[in-house]
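**Q** Take a look at my_file.cif, mmCIF, C-alpha atoms and all ligand atoms:
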data_protein
loop_
_atom_site.label_atom_id
_atom_site.label_comp_id
_atom_site.auth_asym_id
_atom_site.auth_seq_id
_atom_site.Cartn_x
_atom_site.Cartn_y
_atom_site.Cartn_z
CA MET N 14 -392.01 53.68 -58.03
CA GLN N 15 -392.34 54.42 -54.34
CA ARG N 16 -388.97 54.47 -52.55
CA LYS N 17 -389.71 53.89 -48.87
CA ALA N 18 -387.59 54.54 -45.82
CA SER N 19 -388.82 52.68 -42.75
CA ASN N 20 -387.83 54.99 -39.87
CA GLN N 21 -388.37 58.19 -41.74
CA SER N 22 -392.03 58.76 -41.00
CA VAL N 23 -390.98 59.35 -37.37
CA LEU N 24 -389.14 62.46 -38.57
CA THR N 25 -391.51 63.68 -41.23
CA HIS N 26 -394.87 63.06 -39.55
CA LYS N 27 -394.36 66.39 -37.76
CA ILE N 28 -394.79 68.16 -41.10
CA TRP N 29 -398.50 67.37 -41.00
CA SER N 30 -398.96 69.24 -37.75
CA ALA N 31 -396.66 72.14 -38.71
CA LYS N 32 -397.88 75.68 -38.31
CA ARG N 33 -396.00 77.07 -41.27
CA ILE N 34 -394.18 75.43 -44.18
CA VAL N 35 -392.11 76.80 -47.06
CA ILE N 36 -392.12 74.64 -50.19
CA LYS N 37 -389.45 75.32 -52.81
CA VAL N 38 -390.25 74.14 -56.32
CA GLY N 39 -387.41 73.83 -58.83
CA SER N 40 -387.62 74.76 -62.52
CA ALA N 41 -386.92 71.20 -63.68
CA LEU N 42 -390.11 70.00 -61.99
CA LEU N 43 -392.33 72.80 -63.24
CA VAL N 44 -391.19 73.18 -66.80
CA ASP N 45 -390.67 70.47 -69.40
CA ASN N 46 -387.05 70.75 -70.52
CA ALA N 47 -387.68 69.91 -74.17
CA SER N 48 -390.85 71.91 -74.88
CA SER N 49 -390.44 74.65 -72.19
CA ASP N 50 -394.14 74.08 -71.42
CA LEU N 51 -395.48 74.17 -67.90
CA ARG N 52 -396.15 70.69 -66.48
CA THR N 53 -399.72 71.65 -65.65
CA ALA N 54 -400.95 68.27 -64.37
CA TRP N 55 -397.95 68.04 -62.03
CA LEU N 56 -398.58 71.55 -60.69
CA GLN N 57 -402.27 70.81 -60.29
CA ALA N 58 -401.41 67.81 -58.08
CA LEU N 59 -399.03 69.96 -56.00
CA VAL N 60 -401.75 72.58 -55.55
CA ARG N 61 -404.08 69.82 -54.31
CA ASP N 62 -401.39 68.69 -51.83
CA ILE N 63 -401.09 72.27 -50.57
CA THR N 64 -404.87 72.58 -50.31
CA HIS N 65 -404.89 69.52 -48.02
CA LEU N 66 -402.14 70.99 -45.86
CA GLN N 67 -404.05 74.27 -45.57
CA ALA N 68 -407.29 72.49 -44.71
CA ASN N 69 -405.31 70.83 -41.92
CA GLY N 70 -404.35 74.25 -40.51
CA THR N 71 -400.85 74.56 -41.97
CA GLN N 72 -399.90 77.88 -43.58
CA VAL N 73 -397.97 77.40 -46.82
CA ILE N 74 -395.51 79.67 -48.62
CA LEU N 75 -394.25 78.69 -52.06
CA VAL N 76 -390.83 79.64 -53.36
CA SER N 77 -391.08 78.92 -57.05
CA SER N 78 -388.46 78.92 -59.76
CA GLY N 79 -389.40 78.54 -63.40
CA ALA N 80 -389.57 82.13 -64.65
CA ILE N 81 -386.45 81.90 -66.78
CA ALA N 82 -387.27 78.39 -68.01
CA MET N 83 -390.77 79.45 -69.13
CA GLY N 84 -389.62 82.74 -70.65
CA ARG N 85 -386.81 80.99 -72.51
CA GLY N 86 -389.39 78.94 -74.42
CA ALA N 87 -391.63 81.92 -75.08
CA LEU N 88 -388.72 83.93 -76.50
CA GLY N 89 -387.22 80.99 -78.42
CA LEU N 90 -383.84 81.36 -76.66
CA ASP N 91 -381.82 78.19 -77.17
CA SER N 92 -378.33 79.03 -75.98
CA ARG N 93 -377.20 77.60 -72.62
CA PRO N 94 -376.26 79.33 -70.44
CA LEU N 95 -378.20 82.48 -71.37
CA LYS N 96 -376.49 85.88 -71.42
CA LEU N 97 -377.51 87.93 -68.35
CA ASP N 98 -379.78 90.33 -70.26
CA ASP N 99 -381.44 87.45 -72.11
CA ALA N 100 -381.98 85.59 -68.84
CA GLN N 101 -383.49 88.74 -67.33
CA ALA N 102 -385.77 89.26 -70.34
CA ALA N 103 -386.80 85.59 -70.15
CA ALA N 104 -387.53 85.98 -66.42
CA ALA N 105 -389.68 89.06 -67.10
CA VAL N 106 -391.74 87.18 -69.70
CA GLY N 107 -391.84 83.90 -67.79
CA GLN N 108 -392.72 85.32 -64.38
CA VAL N 109 -396.10 86.63 -65.58
CA ARG N 110 -396.94 83.23 -67.04
CA LEU N 111 -395.82 81.47 -63.88
CA ALA N 112 -397.96 83.74 -61.71
CA GLN N 113 -400.95 83.24 -64.00
CA ALA N 114 -400.59 79.46 -63.78
CA TYR N 115 -400.45 79.52 -59.98
CA GLN N 116 -403.38 81.88 -59.78
CA ALA N 117 -405.53 79.79 -62.12
CA LEU N 118 -404.80 76.50 -60.34
CA PHE N 119 -405.22 77.86 -56.80
CA THR N 120 -408.45 79.63 -57.81
CA GLU N 121 -409.88 76.19 -58.68
CA GLN N 122 -409.35 75.37 -54.99
CA ASN N 123 -410.75 78.75 -53.83
CA ILE N 124 -407.34 79.84 -52.58
CA VAL N 125 -406.00 83.33 -53.23
CA THR N 126 -402.34 83.65 -54.23
CA ALA N 127 -399.97 86.60 -54.05
CA GLN N 128 -396.67 87.27 -55.79
CA LEU N 129 -393.55 88.55 -54.04
CA LEU N 130 -390.34 89.13 -56.00
CA LEU N 131 -387.38 89.60 -53.69
CA THR N 132 -383.69 90.30 -54.09
CA LEU N 133 -380.83 89.44 -51.74
CA ASP N 134 -380.67 93.17 -50.88
CA ASP N 135 -384.29 93.16 -49.72
CA LEU N 136 -383.46 90.53 -47.13
CA GLU N 137 -380.16 92.10 -46.01
CA ASP N 138 -381.57 95.59 -45.44
CA ARG N 139 -383.31 95.59 -42.04
CA PRO N 140 -386.29 97.92 -42.77
CA ARG N 141 -386.99 96.15 -46.08
CA TYR N 142 -386.66 92.74 -44.39
CA LEU N 143 -389.16 93.80 -41.75
CA ASN N 144 -391.57 95.10 -44.38
CA ALA N 145 -391.34 91.86 -46.35
CA ARG N 146 -391.94 89.93 -43.12
CA ALA N 147 -394.98 92.04 -42.26
CA THR N 148 -396.40 91.53 -45.76
CA VAL N 149 -395.94 87.75 -45.62
CA GLU N 150 -397.59 87.72 -42.20
CA ALA N 151 -400.53 89.80 -43.42
CA LEU N 152 -401.03 87.44 -46.38
CA LEU N 153 -400.83 84.25 -44.31
CA MET N 154 -403.29 85.63 -41.76
CA ARG N 155 -405.80 85.84 -44.61
CA GLY N 156 -405.22 82.29 -45.83
CA ILE N 157 -403.41 83.54 -48.94
CA VAL N 158 -400.55 81.48 -50.42
CA PRO N 159 -397.56 83.77 -51.15
CA VAL N 160 -395.65 82.65 -54.25
CA ILE N 161 -392.11 83.99 -54.03
CA ASN N 162 -389.30 84.14 -56.56
CA GLU N 163 -386.11 86.10 -56.89
CA ASN N 164 -386.62 89.39 -58.72
CA ASP N 165 -384.41 88.16 -61.57
CA THR N 166 -384.92 91.23 -63.75
CA VAL N 167 -383.07 93.56 -61.35
CA ALA N 168 -380.79 91.15 -59.51
CA THR N 169 -377.26 91.40 -60.92
CA SER N 170 -374.68 88.73 -60.22
CA GLU N 171 -373.24 90.57 -57.19
CA ILE N 172 -376.59 90.84 -55.43
CA ARG N 173 -378.19 87.59 -56.56
CA PHE N 174 -379.13 84.47 -54.74
CA GLY N 175 -379.00 82.80 -58.15
CA ASP N 176 -380.70 79.72 -56.76
CA ASN N 177 -383.98 79.40 -54.99
CA ASP N 178 -382.66 76.88 -52.44
CA ARG N 179 -381.03 79.61 -50.40
CA LEU N 180 -383.83 82.07 -51.16
CA GLY N 181 -386.22 79.41 -49.79
CA ALA N 182 -384.14 79.13 -46.61
CA ARG N 183 -384.08 82.90 -46.12
CA VAL N 184 -387.83 83.03 -46.64
CA ALA N 185 -388.28 80.22 -44.09
CA GLN N 186 -386.17 82.24 -41.66
CA LEU N 187 -388.10 85.46 -42.37
CA ALA N 188 -391.44 83.72 -41.89
CA GLY N 189 -390.37 81.71 -38.82
CA ALA N 190 -391.45 78.53 -40.65
CA ASP N 191 -391.12 75.15 -38.94
CA TRP N 192 -390.28 73.26 -42.16
CA LEU N 193 -388.62 73.98 -45.48
CA ILE N 194 -389.28 71.37 -48.17
CA LEU N 195 -386.99 71.45 -51.19
CA LEU N 196 -388.68 69.65 -54.07
CA SER N 197 -385.90 68.46 -56.28
CA ASP N 198 -385.07 65.90 -58.95
CA ILE N 199 -383.08 63.83 -56.42
CA ASP N 200 -384.44 62.09 -53.33
CA GLY N 201 -381.87 63.40 -50.88
CA LEU N 202 -378.24 63.50 -49.82
CA TYR N 203 -375.83 60.74 -50.84
CA SER N 204 -372.21 60.19 -49.80
CA ALA N 205 -371.27 60.70 -53.48
CA ASP N 206 -373.11 61.50 -56.71
CA PRO N 207 -375.43 58.47 -57.17
CA ARG N 208 -375.55 59.02 -60.95
CA THR N 209 -371.85 58.31 -61.29
CA ASN N 210 -371.18 56.22 -58.20
CA ALA N 211 -373.20 53.03 -57.73
CA GLY N 212 -371.89 52.60 -54.18
CA ALA N 213 -373.14 56.03 -53.03
CA GLU N 214 -374.80 55.76 -49.64
CA PHE N 215 -378.12 57.49 -48.93
CA HIS N 216 -378.50 59.63 -45.78
CA ALA N 217 -382.04 59.82 -44.38
CA HIS N 218 -381.30 62.05 -41.39
CA ILE N 219 -378.72 64.73 -40.75
CA SER N 220 -378.75 66.10 -37.21
CA GLU N 221 -375.62 68.21 -37.65
CA ILE N 222 -374.01 69.65 -40.78
CA THR N 223 -370.40 68.64 -40.23
CA PRO N 224 -367.50 69.29 -42.67
CA ASP N 225 -367.94 65.65 -43.81
CA ILE N 226 -371.55 66.30 -44.75
CA GLU N 227 -370.56 69.48 -46.59
CA ALA N 228 -367.87 67.57 -48.47
CA MET N 229 -370.50 65.16 -49.81
CA ALA N 230 -372.09 68.04 -51.73
CA GLY N 231 -368.89 69.12 -53.49
CA PRO N 232 -366.89 72.39 -53.53
CA PRO N 233 -368.32 75.57 -51.94
CA VAL N 234 -370.78 77.81 -53.81
CA GLN N 235 -369.22 80.78 -55.59
CA GLU N 236 -371.50 83.72 -54.71
CA GLY N 237 -373.71 84.72 -57.60
CA THR N 238 -373.04 81.63 -59.64
CA GLY N 239 -375.15 79.15 -57.71
CA SER N 240 -377.26 77.01 -59.96
CA GLY N 241 -378.96 74.72 -57.51
CA GLY N 242 -377.56 71.22 -57.05
CA MET N 243 -376.62 69.68 -53.72
CA ILE N 244 -374.22 72.45 -52.68
CA THR N 245 -376.88 75.14 -52.49
CA LYS N 246 -379.17 72.67 -50.71
CA ILE N 247 -376.60 72.18 -47.95
CA GLU N 248 -376.16 75.96 -47.75
CA ALA N 249 -379.95 76.25 -47.45
CA ALA N 250 -379.96 73.59 -44.71
CA LYS N 251 -377.37 75.59 -42.76
CA ILE N 252 -379.48 78.77 -42.94
CA ALA N 253 -382.75 77.00 -42.16
CA THR N 254 -381.62 74.76 -39.29
CA ALA N 255 -379.76 77.67 -37.64
CA ALA N 256 -383.04 79.59 -37.75
CA GLY N 257 -384.96 76.77 -36.07
CA CYS N 258 -386.48 75.37 -39.26
CA SER N 259 -386.06 71.70 -40.22
CA MET N 260 -385.48 70.97 -43.89
CA VAL N 261 -386.35 68.10 -46.22
CA ILE N 262 -384.90 67.29 -49.62
CA LEU N 263 -387.57 65.34 -51.47
CA ASN N 264 -387.79 64.03 -55.01
CA GLY N 265 -390.67 65.93 -56.57
CA THR N 266 -390.53 64.37 -60.02
CA ASP N 267 -393.60 62.17 -59.61
CA PRO N 268 -396.96 63.85 -58.99
CA ALA N 269 -398.16 64.78 -55.48
CA PRO N 270 -394.77 64.59 -53.71
CA LEU N 271 -396.17 65.72 -50.36
CA THR N 272 -398.76 62.95 -50.33
CA ARG N 273 -395.97 60.56 -51.28
CA LEU N 274 -393.85 61.83 -48.37
CA LYS N 275 -396.77 61.21 -46.03
CA GLN N 276 -396.99 57.67 -47.38
CA GLY N 277 -393.32 57.13 -46.53
CA GLU N 278 -391.45 58.25 -49.66
CA ARG N 279 -387.73 58.37 -48.98
CA ALA N 280 -386.18 61.82 -48.34
CA THR N 281 -383.35 63.45 -46.39
CA VAL N 282 -384.31 65.37 -43.25
CA PHE N 283 -382.03 68.01 -41.70
CA SER N 284 -383.24 68.61 -38.13
CA ALA N 285 -383.29 72.05 -36.57
CA LYS N 286 -381.64 72.16 -33.16
CA ALA N 287 -384.43 74.14 -31.52
CA ASP N 288 -387.65 75.81 -32.59
CA ALA N 289 -387.58 79.19 -34.32
CA LEU N 290 -388.88 81.15 -31.33
CA THR N 291 -386.28 79.73 -28.93
CA ILE N 292 -383.51 80.60 -31.40
CA ARG N 293 -384.95 84.07 -31.98
CA LYS N 294 -385.10 84.74 -28.24
CA ALA N 295 -381.51 83.53 -27.77
CA TRP N 296 -380.44 85.94 -30.50
CA ILE N 297 -382.28 88.87 -28.86
CA ARG N 298 -380.78 87.93 -25.49
CA GLY N 299 -377.31 88.07 -27.03
CA MET N 300 -377.80 91.51 -28.63
CA MET N 301 -375.59 94.09 -26.97
CA ALA N 302 -376.06 97.49 -28.58
CA PRO N 303 -379.38 99.00 -27.44
CA LYS N 304 -380.51 102.16 -29.19
CA GLY N 305 -382.91 103.28 -26.49
CA ILE N 306 -384.52 102.75 -23.10
CA VAL N 307 -388.20 102.40 -22.30
CA HIS N 308 -389.32 102.99 -18.71
CA ILE N 309 -392.50 101.17 -17.79
CA ASP N 310 -394.98 101.24 -14.91
CA GLU N 311 -395.65 98.51 -12.35
CA GLY N 312 -398.71 97.19 -14.16
CA ALA N 313 -396.67 96.69 -17.32
CA VAL N 314 -393.90 94.88 -15.39
CA LYS N 315 -396.54 92.49 -14.05
CA ALA N 316 -398.04 91.99 -17.52
CA LEU N 317 -394.60 91.25 -18.99
CA THR N 318 -393.78 88.70 -16.30
CA ASP N 319 -397.12 87.07 -17.08
CA GLY N 320 -395.98 86.67 -20.71
CA ALA N 321 -397.73 89.64 -22.33
CA SER N 322 -396.36 92.06 -24.93
CA LEU N 323 -395.35 95.59 -23.97
CA LEU N 324 -398.13 98.04 -24.81
CA ALA N 325 -397.63 101.78 -25.17
CA ALA N 326 -400.17 102.30 -22.35
CA GLY N 327 -397.67 100.98 -19.79
CA VAL N 328 -394.83 103.23 -20.93
CA LYS N 329 -393.85 106.17 -18.69
CA LYS N 330 -390.84 107.52 -20.58
CA LEU N 331 -388.67 106.86 -23.62
CA ASP N 332 -385.02 107.71 -24.20
CA GLY N 333 -382.74 107.23 -27.18
CA ASP N 334 -382.94 107.45 -30.92
CA PHE N 335 -384.08 104.22 -32.50
CA LYS N 336 -385.56 102.89 -35.69
CA ARG N 337 -388.20 100.20 -36.02
CA GLY N 338 -386.62 96.82 -35.29
CA ASP N 339 -383.80 98.25 -33.11
CA LEU N 340 -382.98 96.83 -29.70
CA ILE N 341 -384.32 98.73 -26.71
CA ILE N 342 -383.84 98.09 -22.98
CA ILE N 343 -386.94 97.84 -20.79
CA LYS N 344 -386.60 99.29 -17.27
CA ASP N 345 -389.00 99.52 -14.32
CA ALA N 346 -389.76 102.65 -12.25
CA THR N 347 -386.69 102.07 -10.04
CA GLY N 348 -384.40 101.94 -13.08
CA ALA N 349 -383.83 98.18 -12.82
CA THR N 350 -383.64 96.31 -16.12
CA VAL N 351 -386.66 94.12 -16.76
CA GLY N 352 -385.74 92.88 -20.23
CA GLN N 353 -384.88 93.88 -23.77
CA GLY N 354 -386.55 93.59 -27.12
CA LEU N 355 -387.01 94.83 -30.66
CA THR N 356 -389.24 97.85 -31.03
CA ALA N 357 -392.13 97.83 -33.48
CA TYR N 358 -392.08 101.64 -33.72
CA ALA N 359 -389.28 104.14 -34.38
CA PHE N 360 -388.56 106.65 -31.59
CA ASP N 361 -390.23 109.59 -33.37
CA ASP N 362 -393.51 107.68 -33.57
CA ALA N 363 -393.19 105.76 -30.29
CA ILE N 364 -392.89 109.07 -28.37
CA LYS N 365 -396.28 110.15 -29.74
CA ILE N 366 -398.07 107.07 -28.39
CA VAL N 367 -396.46 106.86 -24.95
CA GLY N 368 -399.18 106.15 -22.35
CA CYS N 369 -401.86 105.73 -25.03
CA ASN N 370 -404.31 102.90 -25.45
CA SER N 371 -403.46 100.58 -28.39
CA GLU N 372 -406.81 101.34 -30.04
CA VAL N 373 -405.79 104.94 -30.80
CA ILE N 374 -402.38 104.21 -32.37
CA LYS N 375 -403.78 104.39 -35.88
CA ASP N 376 -405.59 107.69 -35.18
CA ILE N 377 -402.42 109.27 -33.78
CA LEU N 378 -399.85 107.96 -36.28
CA GLY N 379 -402.04 107.38 -39.33
CA TYR N 380 -400.90 103.73 -39.40
CA SER N 381 -400.48 100.84 -37.01
CA ARG N 382 -397.72 98.24 -36.77
CA GLY N 383 -399.77 96.28 -34.28
CA ARG N 384 -400.94 96.78 -30.72
CA SER N 385 -397.60 96.43 -28.97
CA LEU N 386 -394.49 98.57 -28.76
CA VAL N 387 -392.48 95.38 -28.21
CA HIS N 388 -394.20 92.10 -29.11
CA ARG N 389 -393.67 89.22 -26.67
CA ASN N 390 -391.97 87.17 -29.41
CA ASP N 391 -389.49 90.02 -29.89
CA MET N 392 -388.66 90.31 -26.18
CA VAL N 393 -386.67 88.54 -23.49
CA LEU N 394 -386.96 89.15 -19.75
CA LEU N 395 -383.62 89.39 -18.01
N1 LIG H 1 -385.25 82.51 -60.14
C1 LIG H 1 -385.01 81.62 -61.21
C2 LIG H 1 -386.26 81.44 -62.08
O1 LIG H 1 -387.33 81.64 -61.66
C3 LIG H 1 -384.59 80.23 -60.77
C4 LIG H 1 -383.48 80.06 -59.82
C5 LIG H 1 -383.24 78.58 -59.52
O2 LIG H 1 -383.20 77.80 -60.46
O3 LIG H 1 -383.16 78.18 -58.37
O4 LIG H 1 -386.18 81.07 -63.22
#
Could you show the structure in this file as structure tokens?
**A**
Amino acid sequence: MQRKASNQSVLTHKIWSAKRIVIKVGSALLVDNASSDLRTAWLQALVRDITHLQANGTQVILVSSGAIAMGRGALGLDSRPLKLDDAQAAAAVGQVRLAQAYQALFTEQNIVTAQLLLTLDDLEDRPRYLNARATVEALLMRGIVPVINENDTVATSEIRFGDNDRLGARVAQLAGADWLILLSDIDGLYSADPRTNAGAEFHAHISEITPDIEAMAGPPVQEGTGSGGMITKIEAAKIATAAGCSMVILNGTDPAPLTRLKQGERATVFSAKADALTIRKAWIRGMMAPKGIVHIDEGAVKALTDGASLLAAGVKKLDGDFKRGDLIIIKDATGATVGQGLTAYAFDDAIKIVGCNSEVIKDILGYSRGRSLVHRNDMVLL
């Protein structure tokens, strides 16, 4: 059955021109509950949907659950819920199978996949966050589809996401995605649980997550015990929309949900207030604890005002003690502040490339984090 919402295509048509999308796939869609077998035909149709998006120029990241559900079947574990060590063993067994399935199905479409297993810690620790971001970027640049899951085998309850809704939102934030699509077994947000309340009202568009909206999802998530459901979806919407990423909750039960969305399938859209770059720049503008100062020449000041990144060649002098990703102030030859931004190189390395052409960075340092000391997307002019 196709559930249509008349005005919704106005909101969701933008998905088809998006630069970057994160699609979160829940275990219930991927794995048959009774047999614990992978729903291969369903996944094949999703892979075809993603292939169409990619052919249209949209980069796609998958956040996929299903490791525990697949491993549970393989190990013959029946109890519900599983003990932590059993769940972790199931995840270890299931994750390999999941990755194999994705690889096989994407290979049929000549698309390379990659696996990233992340923990909450990885995304809270700044250097690890930046490394994960750089890896995702490097994969997407090559047309590879990253398939991401929580690293369930090492994540203990204190440091777990526990649900891939919020992991999906953090990944969308990390990747600067324009859309996060949560494929679920429900078609969106209702004023009450539609399974128990026939009068529950469907919400097609949420422009602001008010306390009333939060109340519709039920009581708040207890950290570490999240198990999906509407509560974690609202939490995910808060993370995503604050990062400039709009979010959709879409029923993925029937095959090819993204094609169905394009055809007008009903869903709930949570709109981001601004785009990711605007929000990122506002955040950088508000940062107040610089770890260093970079003094630049006149040519570099001109380049920056023309919208370029700050290259090491335009740097006259560096002060401070900073790590990669720290805030540094940019000053001109007179000492006046030009702007501020996040440095791509730590002080110890940045000092070695001062005044140098970008082409020689790799020769001098033995690695390169890109051509610029401060990328234009990581910088605001003041
Ligand atoms: N990471 C878990 C798995 O792959 C799933 C978490 C969730 O259900 O959202 O089995």
**Q** What residues of the protein or nucleic acid chains come within 9 Å of ligand LIG 1 (chain H) when you use only C-alpha atoms and all ligand atoms? Reply as a PyMOL selection string.
**A** chain N and resi 37-41+77-84+100+103-104+107-108+111+162-165+174-180+239-241
**Q** Could you give me, as a list of chain:residue names, the residues within 9 Å of Pro270 in chain N, counting all atoms listed in the file and dropping anything in the same chain fewer than 6 positions from it?
**A**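 Counting only the stated atoms, we get N:Ala58, N:Leu59, N:Asp62, N:Leu196, N:Leu263, N:Asn264, N:Glu278.
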**Q** Quote the spacing between CA of Val387 in chain N and CA of Arg183 in chain N in Å to one decimal place.
**A** 23.4 Å
**Q** In terms of the shortest atom-to-atom distance over all atoms listed in the file, which of N:Ala285, N:Leu394, N:Val167, N:Met243 is closest to Gly352 in chain N?
**A**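 When distances to Gly352 in chain N are compared using all atoms listed in the file, the smallest one comes from N:Leu394.
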**Q** Give me the range 278-312 of chain N side of the contact with range 354-362 of chain N, cut-off 10 Å, one line per residue showing its nearest atom pair and distance in Å at one decimal, counting only C-alpha atoms, sorted by chain and residue number, as a Markdown table.
**A**
| residue | atom | partner | partner_atom | distance |
| --- | --- | --- | --- | --- |
| N:Lys294 | CA | N:Gly354 | CA | 9.0 |
| N:Ile297 | CA | N:Gly354 | CA | 6.6 |
| N:Arg298 | CA | N:Gly354 | CA | 8.2 |
| N:Met300 | CA | N:Gly354 | CA | 9.1 |
| N:Pro303 | CA | N:Gly354 | CA | 9.0 |
| N:Lys304 | CA | N:Phe360 | CA | 9.5 |
| N:Gly305 | CA | N:Phe360 | CA | 8.3 |
| N:Val307 | CA | N:Thr356 | CA | 9.9 |
**Q** Would you please work out which residue, of N:Glu227, N:Asp319, N:Asp198, N:Asp45, is nearest to Asp267 in chain N when using all atoms listed in the file?
**A**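 Under the stated criterion, the closest residue is N:Asp198.
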**Q** Could you tell me how far CA of Ile306 in chain N lies from CA of Gly348 in chain N, in Å and to one decimal?
**A** 10.1 Å
**Q** May I ask for the distance between CA of Asp206 in chain N and CA of Asn46 in chain N, given in Å to one decimal place?
**A**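 These atoms are spaced 21.7 Å apart.
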**Q** Taking all atoms listed in the file into account, name the residue in N:Val261, N:Leu51, N:Ile199, N:Ala230 that is nearest to Ile247 in chain N.
**A** N:Ala230
**Q** List the neighbours of Ile292 in chain N out to 8 Å using all atoms listed in the file; skip same-chain residues closer than 3 positions along the sequence, and give me the result as a list in words.
**A**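 My list of contacting residues is Ala255, Ala256, Gly257, Ala287, Asp288, Ala289, Ala295 and Trp296 of chain N.
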**Q** Just the residues within 10 Å of Leu97 in chain N, please, counting only C-alpha atoms, with nothing from its chain fewer than 3 positions along; format it as a ChimeraX atom specification.
**A** /N:94,100-103,165-166,168-170
**Q** Give as a list in words the set of residues within 12 Å of the point (-395.1, 87.8, -19.7), where distances use the file's coordinates and only C-alpha atoms.
**A**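 Those within range, by chain then number, are Gly312, Ala313, Val314, Lys315, Ala316, Leu317, Thr318, Asp319, Gly320, Ala321, Ser322, Leu323, Leu324, Val351, Gly352, Val387, His388, Arg389, Asn390, Asp391, Met392, Val393, Leu394 and Leu395 of chain N.
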**Q** Range 188-202 of chain N, all listed atoms, 4 Å padding on each side: what axis-aligned box centre and edge lengths in Å to one decimal come out, as lines of an AutoDock Vina configuration file?
**A**
center_x = -384.8
center_y = 72.9
center_z = -48.9
size_x = 21.2
size_y = 29.6
size_z = 28.1
**Q** Would you save range 146-157 of chain N from the block above with N, CA, C and O atoms, as a PDB file, in the first residue's frame?
**A**
ATOM      1  N   ARG N 146      36.404  11.807  10.447  1.00  0.00           N
ATOM      2  CA  ARG N 146      35.856  12.710   9.431  1.00  0.00           C
ATOM      3  C   ARG N 146      36.703  12.692   8.156  1.00  0.00           C
ATOM      4  O   ARG N 146      36.179  12.617   7.046  1.00  0.00           O
ATOM      5  N   ALA N 147      38.029  12.710   8.362  1.00  0.00           N
ATOM      6  CA  ALA N 147      38.928  12.704   7.196  1.00  0.00           C
ATOM      7  C   ALA N 147      38.788  11.400   6.418  1.00  0.00           C
ATOM      8  O   ALA N 147      38.824  11.383   5.187  1.00  0.00           O
ATOM      9  N   THR N 148      38.610  10.291   7.150  1.00  0.00           N
ATOM     10  CA  THR N 148      38.463   8.990   6.474  1.00  0.00           C
ATOM     11  C   THR N 148      37.178   8.955   5.660  1.00  0.00           C
ATOM     12  O   THR N 148      37.175   8.553   4.492  1.00  0.00           O
ATOM     13  N   VAL N 149      36.081   9.411   6.263  1.00  0.00           N
ATOM     14  CA  VAL N 149      34.789   9.420   5.557  1.00  0.00           C
ATOM     15  C   VAL N 149      34.906  10.280   4.294  1.00  0.00           C
ATOM     16  O   VAL N 149      34.466   9.903   3.208  1.00  0.00           O
ATOM     17  N   GLU N 150      35.558  11.420   4.444  1.00  0.00           N
ATOM     18  CA  GLU N 150      35.739  12.334   3.306  1.00  0.00           C
ATOM     19  C   GLU N 150      36.534  11.650   2.191  1.00  0.00           C
ATOM     20  O   GLU N 150      36.154  11.695   1.021  1.00  0.00           O
ATOM     21  N   ALA N 151      37.617  10.982   2.596  1.00  0.00           N
ATOM     22  CA  ALA N 151      38.485  10.326   1.599  1.00  0.00           C
ATOM     23  C   ALA N 151      37.728   9.208   0.874  1.00  0.00           C
ATOM     24  O   ALA N 151      37.939   8.969  -0.319  1.00  0.00           O
ATOM     25  N   LEU N 152      36.840   8.526   1.584  1.00  0.00           N
ATOM     26  CA  LEU N 152      36.056   7.450   0.956  1.00  0.00           C
ATOM     27  C   LEU N 152      35.033   8.041  -0.021  1.00  0.00           C
ATOM     28  O   LEU N 152      34.903   7.588  -1.165  1.00  0.00           O
ATOM     29  N   LEU N 153      34.320   9.074   0.438  1.00  0.00           N
ATOM     30  CA  LEU N 153      33.267   9.663  -0.403  1.00  0.00           C
ATOM     31  C   LEU N 153      33.840  10.277  -1.672  1.00  0.00           C
ATOM     32  O   LEU N 153      33.247  10.188  -2.741  1.00  0.00           O
ATOM     33  N   MET N 154      35.026  10.870  -1.540  1.00  0.00           N
ATOM     34  CA  MET N 154      35.693  11.464  -2.715  1.00  0.00           C
ATOM     35  C   MET N 154      35.910  10.427  -3.810  1.00  0.00           C
ATOM     36  O   MET N 154      36.007  10.754  -4.978  1.00  0.00           O
ATOM     37  N   ARG N 155      36.063   9.162  -3.372  1.00  0.00           N
ATOM     38  CA  ARG N 155      36.334   8.086  -4.334  1.00  0.00           C
ATOM     39  C   ARG N 155      35.060   7.342  -4.754  1.00  0.00           C
ATOM     40  O   ARG N 155      35.138   6.293  -5.369  1.00  0.00           O
ATOM     41  N   GLY N 156      33.917   7.850  -4.372  1.00  0.00           N
ATOM     42  CA  GLY N 156      32.660   7.213  -4.769  1.00  0.00           C
ATOM     43  C   GLY N 156      32.359   5.950  -3.982  1.00  0.00           C
ATOM     44  O   GLY N 156      31.512   5.149  -4.369  1.00  0.00           O
ATOM     45  N   ILE N 157      33.055   5.772  -2.853  1.00  0.00           N
ATOM     46  CA  ILE N 157      32.844   4.582  -2.017  1.00  0.00           C
ATOM     47  C   ILE N 157      31.676   4.838  -1.058  1.00  0.00           C
ATOM     48  O   ILE N 157      31.486   5.966  -0.592  1.00  0.00           O
TER      49      ILE N 157
END
